[in-house]
Structure formats: C-alpha cells, structure tokens
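Peer 1: One file: run-v1.cif (mmCIF, C-alpha atoms (C1' of nucleotides)).
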```cif
data_model
loop_
_atom_site.label_atom_id
_atom_site.label_comp_id
_atom_site.auth_asym_id
_atom_site.auth_seq_id
_atom_site.Cartn_x
_atom_site.Cartn_y
_atom_site.Cartn_z
CA MET A 1 6.30 -20.83 29.32
CA LYS A 2 4.97 -24.12 30.40
CA LEU A 3 5.55 -27.83 30.11
CA THR A 4 3.24 -30.20 28.28
CA THR A 5 1.82 -33.17 30.17
CA LYS A 6 3.96 -35.33 27.94
CA GLY A 7 7.14 -33.84 29.32
CA ARG A 8 5.91 -34.01 32.88
CA TYR A 9 4.60 -37.56 32.62
CA ALA A 10 7.82 -38.67 30.97
CA VAL A 11 9.89 -37.45 33.90
CA THR A 12 7.46 -38.95 36.41
CA ALA A 13 7.49 -42.29 34.61
CA MET A 14 11.26 -42.35 34.34
CA MET A 15 11.54 -41.67 38.04
CA ASP A 16 9.11 -44.50 38.70
CA LEU A 17 11.30 -46.79 36.65
CA ALA A 18 14.40 -45.66 38.49
CA LEU A 19 12.68 -46.35 41.79
CA HIS A 20 11.31 -49.79 40.96
CA ALA A 21 13.39 -51.48 38.29
CA LYS A 22 16.01 -52.81 40.66
CA LEU A 23 16.49 -56.12 38.89
CA ASP A 24 13.83 -56.83 36.31
CA CYS A 25 11.58 -54.67 34.25
CA VAL A 26 8.47 -52.74 35.21
CA SER A 27 5.18 -52.99 33.34
CA LEU A 28 3.37 -49.87 32.24
CA VAL A 29 0.27 -51.09 34.03
CA ASP A 30 2.13 -50.70 37.30
CA VAL A 31 3.48 -47.29 36.39
CA ALA A 32 0.06 -46.14 35.25
CA GLU A 33 -1.52 -47.22 38.51
CA ARG A 34 1.15 -45.84 40.80
CA GLN A 35 1.44 -42.50 39.02
CA LYS A 36 -2.20 -42.15 37.98
CA ILE A 37 -1.47 -41.77 34.30
CA SER A 38 -3.60 -43.26 31.51
CA LEU A 39 -2.07 -46.53 30.28
CA ALA A 40 -2.73 -45.80 26.61
CA TYR A 41 -1.07 -42.43 26.94
CA LEU A 42 1.91 -43.95 28.71
CA GLU A 43 2.36 -46.47 25.92
CA GLN A 44 2.45 -43.70 23.38
CA LEU A 45 4.94 -41.88 25.54
CA PHE A 46 7.26 -44.85 25.97
CA ARG A 47 7.48 -45.22 22.22
CA SER A 48 9.32 -41.91 22.20
CA LEU A 49 11.44 -42.77 25.20
CA ARG A 50 12.49 -46.02 23.58
CA LYS A 51 13.28 -44.40 20.25
CA ALA A 52 15.44 -41.93 22.12
CA GLY A 53 17.33 -44.83 23.68
CA LEU A 54 16.40 -43.98 27.24
CA VAL A 55 14.59 -47.25 27.99
CA ASN A 56 14.70 -50.87 26.81
CA SER A 57 11.61 -53.00 26.45
CA VAL A 58 10.82 -56.65 27.09
CA ARG A 59 7.81 -57.93 25.22
CA GLY A 60 5.28 -60.54 26.22
CA ALA A 61 3.82 -61.51 29.56
CA LYS A 62 6.02 -60.44 32.49
CA GLY A 63 7.52 -57.93 30.12
CA GLY A 64 7.95 -54.23 30.67
CA TYR A 65 10.52 -51.50 30.53
CA MET A 66 13.82 -50.75 32.17
CA LEU A 67 16.24 -47.86 32.03
CA ALA A 68 18.72 -48.19 29.20
CA LYS A 69 21.45 -46.25 31.02
CA GLU A 70 22.73 -45.53 34.47
CA VAL A 71 20.56 -43.09 36.40
CA LYS A 72 23.48 -40.69 36.52
CA GLN A 73 23.71 -40.75 32.74
CA ILE A 74 20.13 -39.61 32.15
CA SER A 75 19.49 -35.89 32.45
CA LEU A 76 16.24 -34.01 32.80
CA ALA A 77 16.94 -32.46 29.41
CA ASP A 78 17.36 -35.94 27.85
CA ILE A 79 13.92 -36.97 29.05
CA LEU A 80 12.14 -33.77 28.12
CA ILE A 81 13.60 -33.74 24.64
CA ALA A 82 12.76 -37.41 24.14
CA ALA A 83 9.18 -36.53 25.03
CA ASP A 84 8.98 -33.94 22.25
CA GLU A 85 9.39 -31.13 24.70
CA LYS A 86 11.26 -28.46 22.80
CA ILE A 87 13.56 -26.37 24.93
CA ASN A 88 13.44 -23.45 22.55
CA LEU A 89 12.11 -20.02 23.33
CA ALA A 90 13.15 -18.52 20.00
CA CYS A 91 10.80 -17.35 17.32
CA GLY A 92 10.50 -19.67 14.38
CA GLY A 93 8.43 -19.13 11.28
CA SER A 94 8.48 -16.51 8.59
CA SER A 95 8.97 -13.29 10.50
CA CYS A 96 12.23 -14.21 12.13
CA SER A 97 15.01 -16.67 11.48
CA ASP A 98 18.76 -16.88 11.98
CA SER A 99 19.30 -15.08 8.67
CA THR A 100 16.70 -12.35 9.20
CA PRO A 101 16.55 -11.96 12.95
CA CYS A 102 14.29 -9.72 14.97
CA LEU A 103 15.55 -7.45 17.73
CA THR A 104 15.28 -10.16 20.34
CA HIS A 105 16.32 -13.21 18.37
CA GLY A 106 19.73 -13.41 20.00
CA LEU A 107 18.22 -13.02 23.42
CA TRP A 108 15.94 -16.01 23.03
CA THR A 109 18.49 -18.38 21.53
CA ASN A 110 20.84 -17.40 24.31
CA LEU A 111 18.24 -17.98 26.99
CA SER A 112 17.22 -21.33 25.49
CA GLN A 113 20.82 -22.45 25.61
CA GLN A 114 21.13 -21.52 29.28
CA PHE A 115 17.88 -23.28 30.16
CA PHE A 116 19.05 -26.36 28.32
CA GLU A 117 22.37 -26.44 30.14
CA PHE A 118 20.58 -26.06 33.42
CA LEU A 119 18.18 -28.92 32.71
CA ASP A 120 21.00 -31.03 31.36
CA SER A 121 22.89 -30.64 34.63
CA LYS A 122 20.17 -32.42 36.63
CA ASN A 123 20.20 -36.20 36.37
CA LEU A 124 17.70 -38.88 37.38
CA ASP A 125 19.88 -39.93 40.29
CA ASP A 126 19.69 -36.45 41.82
CA LEU A 127 15.94 -36.31 41.37
CA VAL A 128 15.20 -39.72 42.79
CA LYS A 129 17.39 -39.20 45.85
CA SER A 130 15.60 -36.11 47.04
CA ARG A 131 13.97 -36.60 50.43
CA GLU A 132 10.59 -35.55 49.10
CA VAL A 133 10.58 -38.14 46.33
CA GLN A 134 11.83 -40.89 48.63
CA THR A 135 8.99 -40.48 51.11
CA MET A 136 6.39 -40.14 48.39
CA ALA A 137 7.66 -43.26 46.65
CA THR A 138 7.45 -45.23 49.89
CA MET A 139 3.85 -44.17 50.31
CA GLN A 140 3.04 -45.28 46.80
CA ASP A 141 4.59 -48.69 47.41
CA VAL A 142 2.76 -49.23 50.70
CA THR A 143 -0.61 -48.39 49.24
CA GLN A 144 0.08 -50.67 46.32
CA ILE A 145 1.24 -53.82 48.16
CA GLY A 146 -1.96 -54.32 50.12
CA ASN A 147 -4.02 -52.69 47.42
CA ILE A 148 -5.80 -50.90 50.24
CA PRO A 149 -5.81 -47.12 50.30
CA VAL A 150 -3.81 -46.03 53.30
CA GLN A 151 -4.86 -42.99 55.26
CA ILE A 152 -1.87 -40.79 55.86
CA SER A 153 -2.08 -39.14 59.26
CA LYS A 154 -1.22 -35.48 59.50
CA MET B 1 8.64 -25.28 26.79
CA LYS B 2 8.15 -22.31 24.59
CA LEU B 3 7.18 -18.68 24.67
CA THR B 4 3.98 -17.29 23.18
CA THR B 5 4.26 -14.53 20.58
CA LYS B 6 2.67 -12.28 23.14
CA GLY B 7 5.60 -12.67 25.48
CA ARG B 8 8.14 -12.27 22.71
CA TYR B 9 6.45 -9.26 21.13
CA ALA B 10 6.08 -7.64 24.52
CA VAL B 11 9.81 -7.79 25.13
CA THR B 12 10.57 -6.60 21.62
CA ALA B 13 8.16 -3.69 21.95
CA MET B 14 9.50 -2.71 25.35
CA MET B 15 13.01 -2.69 23.94
CA ASP B 16 11.83 -0.52 21.09
CA LEU B 17 10.36 1.90 23.60
CA ALA B 18 13.56 1.91 25.60
CA LEU B 19 15.54 2.65 22.45
CA HIS B 20 13.33 5.44 21.10
CA ALA B 21 11.45 7.16 23.90
CA LYS B 22 14.29 9.47 24.86
CA LEU B 23 12.09 12.46 25.62
CA ASP B 24 8.56 12.04 24.40
CA CYS B 25 6.37 9.09 23.74
CA VAL B 26 6.39 6.61 20.88
CA SER B 27 3.33 5.72 18.84
CA LEU B 28 2.41 2.11 18.28
CA VAL B 29 2.32 2.75 14.54
CA ASP B 30 6.07 3.35 14.70
CA VAL B 31 6.72 0.31 16.84
CA ALA B 32 4.58 -1.83 14.58
CA GLU B 33 6.48 -0.69 11.52
CA ARG B 34 9.95 -0.99 12.97
CA GLN B 35 9.38 -4.36 14.59
CA LYS B 36 7.04 -5.80 11.96
CA ILE B 37 4.24 -6.53 14.40
CA SER B 38 0.54 -6.11 13.61
CA LEU B 39 -0.73 -2.82 15.00
CA ALA B 40 -4.01 -4.27 16.26
CA TYR B 41 -2.15 -6.99 18.11
CA LEU B 42 0.25 -4.47 19.62
CA GLU B 43 -2.65 -2.39 20.90
CA GLN B 44 -4.09 -5.44 22.60
CA LEU B 45 -0.69 -6.18 24.06
CA PHE B 46 -0.13 -2.68 25.40
CA ARG B 47 -3.36 -2.89 27.32
CA SER B 48 -1.73 -5.55 29.44
CA LEU B 49 1.55 -3.68 29.73
CA ARG B 50 -0.28 -0.58 30.87
CA LYS B 51 -2.42 -2.43 33.38
CA ALA B 52 0.77 -3.93 34.78
CA GLY B 53 2.16 -0.43 35.24
CA LEU B 54 5.10 -0.92 32.89
CA VAL B 55 4.13 1.83 30.45
CA ASN B 56 2.19 5.10 30.52
CA SER B 57 0.03 6.28 27.67
CA VAL B 58 -0.68 9.67 26.13
CA ARG B 59 -3.92 9.83 24.19
CA GLY B 60 -4.79 11.86 21.15
CA ALA B 61 -2.76 12.89 18.14
CA LYS B 62 1.01 12.92 18.85
CA GLY B 63 0.22 10.52 21.62
CA GLY B 64 1.83 7.20 22.31
CA TYR B 65 3.50 5.23 25.05
CA MET B 66 6.53 5.61 27.27
CA LEU B 67 8.16 3.47 29.88
CA ALA B 68 6.66 3.99 33.31
CA LYS B 69 9.89 3.13 35.13
CA GLU B 70 13.63 3.33 34.76
CA VAL B 71 15.02 0.75 32.35
CA LYS B 72 16.99 -0.79 35.20
CA GLN B 73 13.80 -1.24 37.17
CA ILE B 74 12.07 -3.35 34.51
CA SER B 75 13.01 -7.02 34.39
CA LEU B 76 12.43 -9.60 31.72
CA ALA B 77 10.19 -11.42 34.17
CA ASP B 78 8.12 -8.27 34.71
CA ILE B 79 7.44 -7.95 30.99
CA LEU B 80 6.72 -11.62 30.40
CA ILE B 81 4.30 -11.82 33.31
CA ALA B 82 2.56 -8.62 32.22
CA ALA B 83 2.07 -10.24 28.82
CA ASP B 84 0.23 -13.19 30.37
CA GLU B 85 3.27 -15.39 30.02
CA LYS B 86 3.09 -17.75 32.97
CA ILE B 87 6.45 -18.80 34.31
CA ASN B 88 5.08 -21.98 35.80
CA LEU B 89 6.10 -25.47 34.81
CA ALA B 90 4.03 -27.17 37.51
CA CYS B 91 1.01 -29.32 36.93
CA GLY B 92 -2.27 -27.66 37.72
CA GLY B 93 -5.70 -29.19 37.46
CA SER B 94 -7.31 -32.13 39.16
CA SER B 95 -4.58 -34.76 39.19
CA CYS B 96 -2.04 -32.76 41.10
CA SER B 97 -2.07 -29.82 43.45
CA ASP B 98 -0.10 -28.57 46.43
CA SER B 99 -2.27 -30.65 48.75
CA THR B 100 -2.23 -33.85 46.68
CA PRO B 101 1.09 -33.65 44.84
CA CYS B 102 2.46 -36.06 42.27
CA LEU B 103 5.98 -37.46 42.41
CA THR B 104 7.41 -34.52 40.52
CA HIS B 105 5.34 -31.67 41.87
CA GLY B 106 8.15 -30.33 44.02
CA LEU B 107 10.60 -30.56 41.18
CA TRP B 108 8.51 -28.34 38.90
CA THR B 109 7.66 -25.69 41.45
CA ASN B 110 11.34 -25.57 42.33
CA LEU B 111 12.41 -25.25 38.73
CA SER B 112 9.80 -22.57 38.02
CA GLN B 113 11.15 -20.55 40.91
CA GLN B 114 14.69 -20.78 39.58
CA PHE B 115 13.63 -19.80 36.08
CA PHE B 116 11.72 -16.87 37.46
CA GLU B 117 14.68 -15.64 39.47
CA PHE B 118 16.88 -15.95 36.44
CA LEU B 119 14.50 -13.95 34.25
CA ASP B 120 13.98 -11.42 37.01
CA SER B 121 17.72 -10.79 37.15
CA LYS B 122 17.83 -9.47 33.59
CA ASN B 123 16.64 -5.90 33.12
CA LEU B 124 15.76 -3.83 30.08
CA ASP B 125 18.93 -1.81 30.43
CA ASP B 126 21.10 -4.92 30.08
CA LEU B 127 19.15 -6.12 27.07
CA VAL B 128 19.19 -2.82 25.22
CA LYS B 129 22.88 -2.28 25.76
CA SER B 130 23.98 -5.51 24.12
CA ARG B 131 26.12 -4.93 21.05
CA GLU B 132 23.79 -7.01 18.90
CA VAL B 133 20.72 -4.99 19.79
CA GLN B 134 22.55 -1.69 19.35
CA THR B 135 23.61 -2.43 15.79
CA MET B 136 20.23 -3.84 14.86
CA ALA B 137 18.45 -0.82 16.29
CA THR B 138 20.68 1.52 14.29
CA MET B 139 19.80 -0.36 11.12
CA GLN B 140 16.11 -0.06 11.89
CA ASP B 141 16.43 3.68 12.41
CA VAL B 142 18.36 4.23 9.21
CA THR B 143 15.87 2.34 7.11
CA GLN B 144 13.05 4.26 8.73
CA ILE B 145 14.33 7.82 8.35
CA GLY B 146 14.62 7.72 4.59
CA ASN B 147 11.80 5.18 4.35
CA ILE B 148 13.95 3.40 1.78
CA PRO B 149 14.86 -0.25 2.32
CA VAL B 150 18.58 -0.44 2.80
CA GLN B 151 20.51 -3.36 1.35
CA ILE B 152 22.87 -4.74 3.94
CA SER B 153 26.10 -5.88 2.28
CA LYS B 154 27.48 -9.22 3.29
"C1'" DC C 1 -0.69 -75.15 22.14
"C1'" DC C 2 -3.68 -71.47 24.18
"C1'" DG C 3 -4.87 -67.68 26.37
"C1'" DA C 4 -3.46 -64.03 29.29
"C1'" DT C 5 -0.31 -60.39 29.48
"C1'" DT C 6 2.35 -57.13 27.73
"C1'" DC C 7 4.58 -54.28 24.29
"C1'" DC C 8 3.74 -51.99 19.68
"C1'" DC C 9 1.60 -48.93 16.17
"C1'" DG C 10 -1.23 -45.74 13.25
"C1'" DA C 11 -4.95 -43.05 13.24
"C1'" DG C 12 -8.58 -40.17 15.01
"C1'" DT C 13 -10.75 -36.45 17.87
"C1'" DA C 14 -12.75 -33.14 21.33
"C1'" DA C 15 -11.26 -29.31 23.73
"C1'" DA C 16 -8.26 -25.68 24.65
"C1'" DA C 17 -4.96 -22.24 23.50
"C1'" DC C 18 -3.04 -19.14 20.27
"C1'" DA C 19 -2.53 -15.44 17.23
"C1'" DC C 20 -4.51 -12.72 15.53
"C1'" DT C 21 -8.66 -9.42 13.29
"C1'" DC C 22 -12.63 -6.28 13.41
"C1'" DA C 23 -15.70 -2.66 14.38
"C1'" DG C 24 -16.38 0.63 16.79
"C1'" DG C 25 -15.47 4.48 20.55
"C1'" DT C 26 -12.80 8.35 22.96
"C1'" DT C 27 -9.22 11.82 23.47
"C1'" DT C 28 -6.22 15.28 21.78
"C1'" DC C 29 -3.63 18.21 18.55
"C1'" DA C 30 -3.38 21.45 14.66
"C1'" DT D 1 -13.30 19.87 12.45
"C1'" DG D 2 -10.71 16.17 11.05
"C1'" DA D 3 -6.85 13.35 11.45
"C1'" DA D 4 -4.07 10.75 14.60
"C1'" DA D 5 -3.63 8.21 18.23
"C1'" DC D 6 -5.18 5.41 22.18
"C1'" DC D 7 -8.95 2.22 24.03
"C1'" DT D 8 -12.22 -1.78 24.20
"C1'" DG D 9 -14.97 -6.03 23.66
"C1'" DA D 10 -15.88 -9.54 20.88
"C1'" DG D 11 -15.09 -12.84 17.27
"C1'" DT D 12 -12.56 -16.49 14.57
"C1'" DG D 13 -9.61 -19.64 11.97
"C1'" DT D 14 -5.69 -22.52 12.98
"C1'" DT D 15 -2.74 -25.19 15.69
"C1'" DT D 16 -1.61 -27.81 19.61
"C1'" DT D 17 -2.71 -30.72 23.29
"C1'" DA D 18 -4.07 -34.63 25.58
"C1'" DC D 19 -5.81 -37.94 25.05
"C1'" DT D 20 -8.60 -42.51 23.03
"C1'" DC D 21 -9.36 -46.53 19.96
"C1'" DG D 22 -8.72 -50.70 17.53
"C1'" DG D 23 -5.95 -53.87 16.25
"C1'" DG D 24 -1.38 -56.55 15.91
"C1'" DA D 25 2.74 -59.18 17.62
"C1'" DA D 26 5.71 -61.27 21.11
"C1'" DT D 27 6.23 -64.05 25.28
"C1'" DC D 28 5.21 -66.82 29.36
"C1'" DG D 29 2.81 -70.25 32.30
"C1'" DG D 30 0.14 -74.11 32.43
#
```
Could you quickly redo this structure as structure tokens?
Peer 2:
Amino acid sequence: MKLTTKGRYAVTAMMDLALHAKLDCVSLVDVAERQKISLAYLEQLFRSLRKAGLVNSVRGAKGGYMLAKEVKQISLADILIAADEKINLACGGSSCSDSTPCLTHGLWTNLSQQFFEFLDSKNLDDLVKSREVQTMATMQDVTQIGNIPVQISK
Amino acid sequence: MKLTTKGRYAVTAMMDLALHAKLDCVSLVDVAERQKISLAYLEQLFRSLRKAGLVNSVRGAKGGYMLAKEVKQISLADILIAADEKINLACGGSSCSDSTPCLTHGLWTNLSQQFFEFLDSKNLDDLVKSREVQTMATMQDVTQIGNIPVQISK
DNA sequence: CCGATTCCCGAGTAAAACACTCAGGTTTCA
DNA sequence: TGAAACCTGAGTGTTTTACTCGGGAATCGG
C-alpha cells in the first residue's frame, strides 16, 4: 500500500501553487526548482491536473499555472485521483469481480470507500495552513530570493 | 494506492483458516482449492505468515496450518504487514527523508499512521463474522463436500 | 517581427516490482 | 515404504513506474 511519485508530486505541486499564486500564475520552472522535481515530469503531471480541472494554464512567456478553484474546494482525493492514483484496494481481473466475488471482495471495496472519504475530507487549505508547511515554505522562499543556499541553524 | 495480491491473498487465507480450523489444522491444498489461489504461491506466502508468528505449522501427512493466536488478537494490519505489505505512503529514497523532508513529508507519515491505526483496529473475528463472509463460506463448503459445482440461483 | 519563455504533446525506455513457477528437500502418517 | 504435506531458494515473464526526449505552439518584451 503505497503512493506513486506522481500522486505525491501532484500534492506537493498543488501546495506550492496554493502558497505562491496569490495574484498571477506560477511557472513550472519555479515549482520544479523549489520542490526539486524534474521539470519534464512536472509538465506531464500538470497535463493530468489540467484535464481534471484542478488548474488553469496561461501560455507563453510569463505564463504558468494557477489553481482553478478555491483552496477549500480542492481535496486530497481530488488531486490524487487527477494524478492517476487509484484509491482502490479491491481485486480486479479475472479471479474476482463484483459478479463473482472472492471471500474478501466486500472488505476491500468497503475499505477503499472509507479511505476515499477520509482523503476527500482533507482540503488544500487545511494542508497549507499547517505550521510545518508554513515554516518550510518560508525557508524555500528565502533560499530562492537571493538564490544563495541558506544554512539553517539547529 | 493499491494492495498487492500477496496482501489480499494473505487476508483471504487467514480468514479461510479462521473459518475451518476449528480443531485441527488445515492443509494448503484445501485453502488453495476453496479460495482459488495457486498452491505454490500460498506456500511462499505462509512462510511469511509463519515467520511473523501468525500461524503454526504441522508437517507431514495430515499436516497443515492453524492460527497461532486468538482470532480477536489478529488484526488486519498484522496480516498485511506479515505479507510484506508496507503501510507507508511516505517518500523514501534520496530526495526526501526525515532529516531533509519535502513539503509533504509530514503529511504522508501522518496519513500512514492513521491508516495503520485504522487497519489495526479490525481483527479477524470481526471480518469472519460479517454476514457476507458467512454466507460465502457456507457456499464454499457445500460445493467442496460433494465436489460438485453448485449452481447458485438468481 | 524575433527570440526567449513557457505551456503542450506523443512516444520511448531503463529499472524495479509483481505475481507467480519450478525443482527439489524434509517430515510425518498409515 | 510411499503418499501427503510442509519447506526452501532460485528463476522468470509481465507490468508498472518514473522518468526522458524531441518537437510544436502560444505569448510577451523589445
């Protein structure tokens, strides 16, 4: 039971957008640099996010992406699903389906549903407002502005 | 976010054991037949379950496996972990660790913990007692005793 | 208008994980 | 003694993952 990098990166990138797209849009170059994610991979990822209607794009120089909805209207589940992350523990394939279920089929569909509801109850606003994220985001901004790596004192 | 067949089969097999090992042990041949799982794969799987202390084995003819603990003492999490199913959504590897976390590191470790607690709160007894499992298990037994496929009327 | 910047897209690919299988060996019962 | 069961290490084809690559199309600033 694990997440793919796609799902994880998608959430990270969406949080980055939520943190930085106050007025205008944010370029993927910036996101890639701040979050240490390959630009090419991010582009691929944002295709999905755009198709899912989670972000809007602005083409051309000074272009970029911005959130398509209010932060409160975007749930963790929305992002993960947009990024091809299936929230489904059930057994697909030949051996077991809804019509010819195995002993545990009901269990897994049930569990998947509960996980989904849980993930759907967390929205971007909640995530971004956590103390941990706030401090980390500030650090990222500071290091970026001067383009000089800042040594964080312990 | 999905389960491996190992994790799913492990739970299915453990439920089968719970349903059939009233007094003596159950052979993997029986489990394999009832649950339509490859015998060789089951054997591999039960190595892990035994190492994890979830089942005991009896070698030789008339041998087999039995649960090593009370059904109430075995949680879904126990079985999944024994079957190599990692309940960990966090990002491992070079880019992100506890010491050099990414924006979302805390989120994932947190979530993993909650999923684990949820799965650890369900035990084999609960699972086996569900109406759905009871009826399905009865069907499996009936078809097995006479060794004649039974047509279920709709 | 031109060139830099950015989004946009389809396709390809190396590495890892998965879902098994196989060929034997050991223990025990009848 | 032989069949039934557990036990073990190793192998293997397929699928998924996590990317990369090469090119195209919009847009802005000068």
Peer 1: Would you write out, as an MDAnalysis selection string, every residue that the PyMOL selection byres ((chain C) within 10 of (chain A)) captures in this file?
Peer 2: chainID C and resid 4:9
Peer 1: Counting only C-alpha atoms (C1' of nucleotides), which residues of chain D fall within 10 Å of chain B, and what is the closest atom pair for each with its distance in Å at one decimal, ordered by chain and rising number, as JSON lines?
Peer 2:
```
{"residue": "D:DA3", "atom": "C1'", "partner": "B:Ala61", "partner_atom": "CA", "distance": 7.9}
{"residue": "D:DA4", "atom": "C1'", "partner": "B:Ala61", "partner_atom": "CA", "distance": 4.3}
{"residue": "D:DA5", "atom": "C1'", "partner": "B:Ala61", "partner_atom": "CA", "distance": 4.8}
{"residue": "D:DC6", "atom": "C1'", "partner": "B:Arg59", "partner_atom": "CA", "distance": 5.0}
{"residue": "D:DC7", "atom": "C1'", "partner": "B:Arg47", "partner_atom": "CA", "distance": 8.3}
{"residue": "D:DT8", "atom": "C1'", "partner": "B:Gln44", "partner_atom": "CA", "distance": 9.1}
```
Peer 1: Residues of chain A were defined as contacting chain B if any atom lay at most 7 Å from it, counting all atoms listed in the file; please report them as a PyMOL selection string.
Peer 2: chain A and resi 1-3+12+85-89+103-104+133+136
Peer 1: Dig up all the protein and nucleic acid residues within 12 Å of (-12.7, -33.9, 21.3) in the file frame, using all atoms listed in the file, and format them as a list of chain:residue names.
Peer 2: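 Those within range, by chain then number, are C:DG12, C:DT13, C:DA14, C:DA15, C:DA16, D:DT17, D:DA18, D:DC19, D:DT20.
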Peer 1: Hey, what comes out of the PyMOL selection byres ((chain B and resi 54) around 10) on this file? Could you write it as a list in words?
Peer 2: Met14, Phe46, Ser48, Leu49, Arg50, Lys51, Ala52, Gly53, Val55, Asn56, Met66, Leu67, Ala68, Lys69, Glu70, Gln73, Ile74, Asp78, Ile79 and Ala82 of chain B
Peer 1: Could you state which residues are captured by the PyMOL selection byres ((chain C and resi 21) around 8) in this file, as a PyMOL selection string?
Peer 2: (chain B and resi 40) or (chain C and resi 20+22)
Peer 1: Kindly complete segment 5-16 of chain B to N, CA and C atoms; the output should be written as a PDB file, in the coordinates of the input.
Peer 2:
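Contents of selection-v2.pdb, as written:
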```pdb
ATOM      1  N   THR B   5       3.853 -15.736  21.308  1.00  0.00           N
ATOM      2  CA  THR B   5       4.260 -14.530  20.580  1.00  0.00           C
ATOM      3  C   THR B   5       4.009 -13.307  21.442  1.00  0.00           C
ATOM      4  N   LYS B   6       2.980 -13.395  22.257  1.00  0.00           N
ATOM      5  CA  LYS B   6       2.670 -12.280  23.140  1.00  0.00           C
ATOM      6  C   LYS B   6       3.864 -11.896  23.998  1.00  0.00           C
ATOM      7  N   GLY B   7       4.440 -12.914  24.633  1.00  0.00           N
ATOM      8  CA  GLY B   7       5.600 -12.670  25.480  1.00  0.00           C
ATOM      9  C   GLY B   7       6.766 -12.108  24.688  1.00  0.00           C
ATOM     10  N   ARG B   8       7.014 -12.706  23.530  1.00  0.00           N
ATOM     11  CA  ARG B   8       8.140 -12.270  22.710  1.00  0.00           C
ATOM     12  C   ARG B   8       7.944 -10.850  22.188  1.00  0.00           C
ATOM     13  N   TYR B   9       6.755 -10.594  21.651  1.00  0.00           N
ATOM     14  CA  TYR B   9       6.450  -9.260  21.130  1.00  0.00           C
ATOM     15  C   TYR B   9       6.545  -8.221  22.242  1.00  0.00           C
ATOM     16  N   ALA B  10       6.065  -8.580  23.403  1.00  0.00           N
ATOM     17  CA  ALA B  10       6.080  -7.640  24.520  1.00  0.00           C
ATOM     18  C   ALA B  10       7.501  -7.191  24.813  1.00  0.00           C
ATOM     19  N   VAL B  11       8.416  -8.132  24.856  1.00  0.00           N
ATOM     20  CA  VAL B  11       9.810  -7.790  25.130  1.00  0.00           C
ATOM     21  C   VAL B  11      10.381  -6.945  23.997  1.00  0.00           C
ATOM     22  N   THR B  12      10.091  -7.363  22.773  1.00  0.00           N
ATOM     23  CA  THR B  12      10.570  -6.600  21.620  1.00  0.00           C
ATOM     24  C   THR B  12      10.052  -5.161  21.671  1.00  0.00           C
ATOM     25  N   ALA B  13       8.771  -5.021  21.926  1.00  0.00           N
ATOM     26  CA  ALA B  13       8.160  -3.690  21.950  1.00  0.00           C
ATOM     27  C   ALA B  13       8.728  -2.848  23.085  1.00  0.00           C
ATOM     28  N   MET B  14       8.938  -3.459  24.226  1.00  0.00           N
ATOM     29  CA  MET B  14       9.500  -2.710  25.350  1.00  0.00           C
ATOM     30  C   MET B  14      10.920  -2.252  25.044  1.00  0.00           C
ATOM     31  N   MET B  15      11.663  -3.080  24.336  1.00  0.00           N
ATOM     32  CA  MET B  15      13.010  -2.690  23.940  1.00  0.00           C
ATOM     33  C   MET B  15      12.946  -1.540  22.952  1.00  0.00           C
ATOM     34  N   ASP B  16      12.003  -1.603  22.061  1.00  0.00           N
ATOM     35  CA  ASP B  16      11.830  -0.520  21.090  1.00  0.00           C
ATOM     36  C   ASP B  16      11.539   0.782  21.811  1.00  0.00           C
TER      37      ASP B  16
END
```
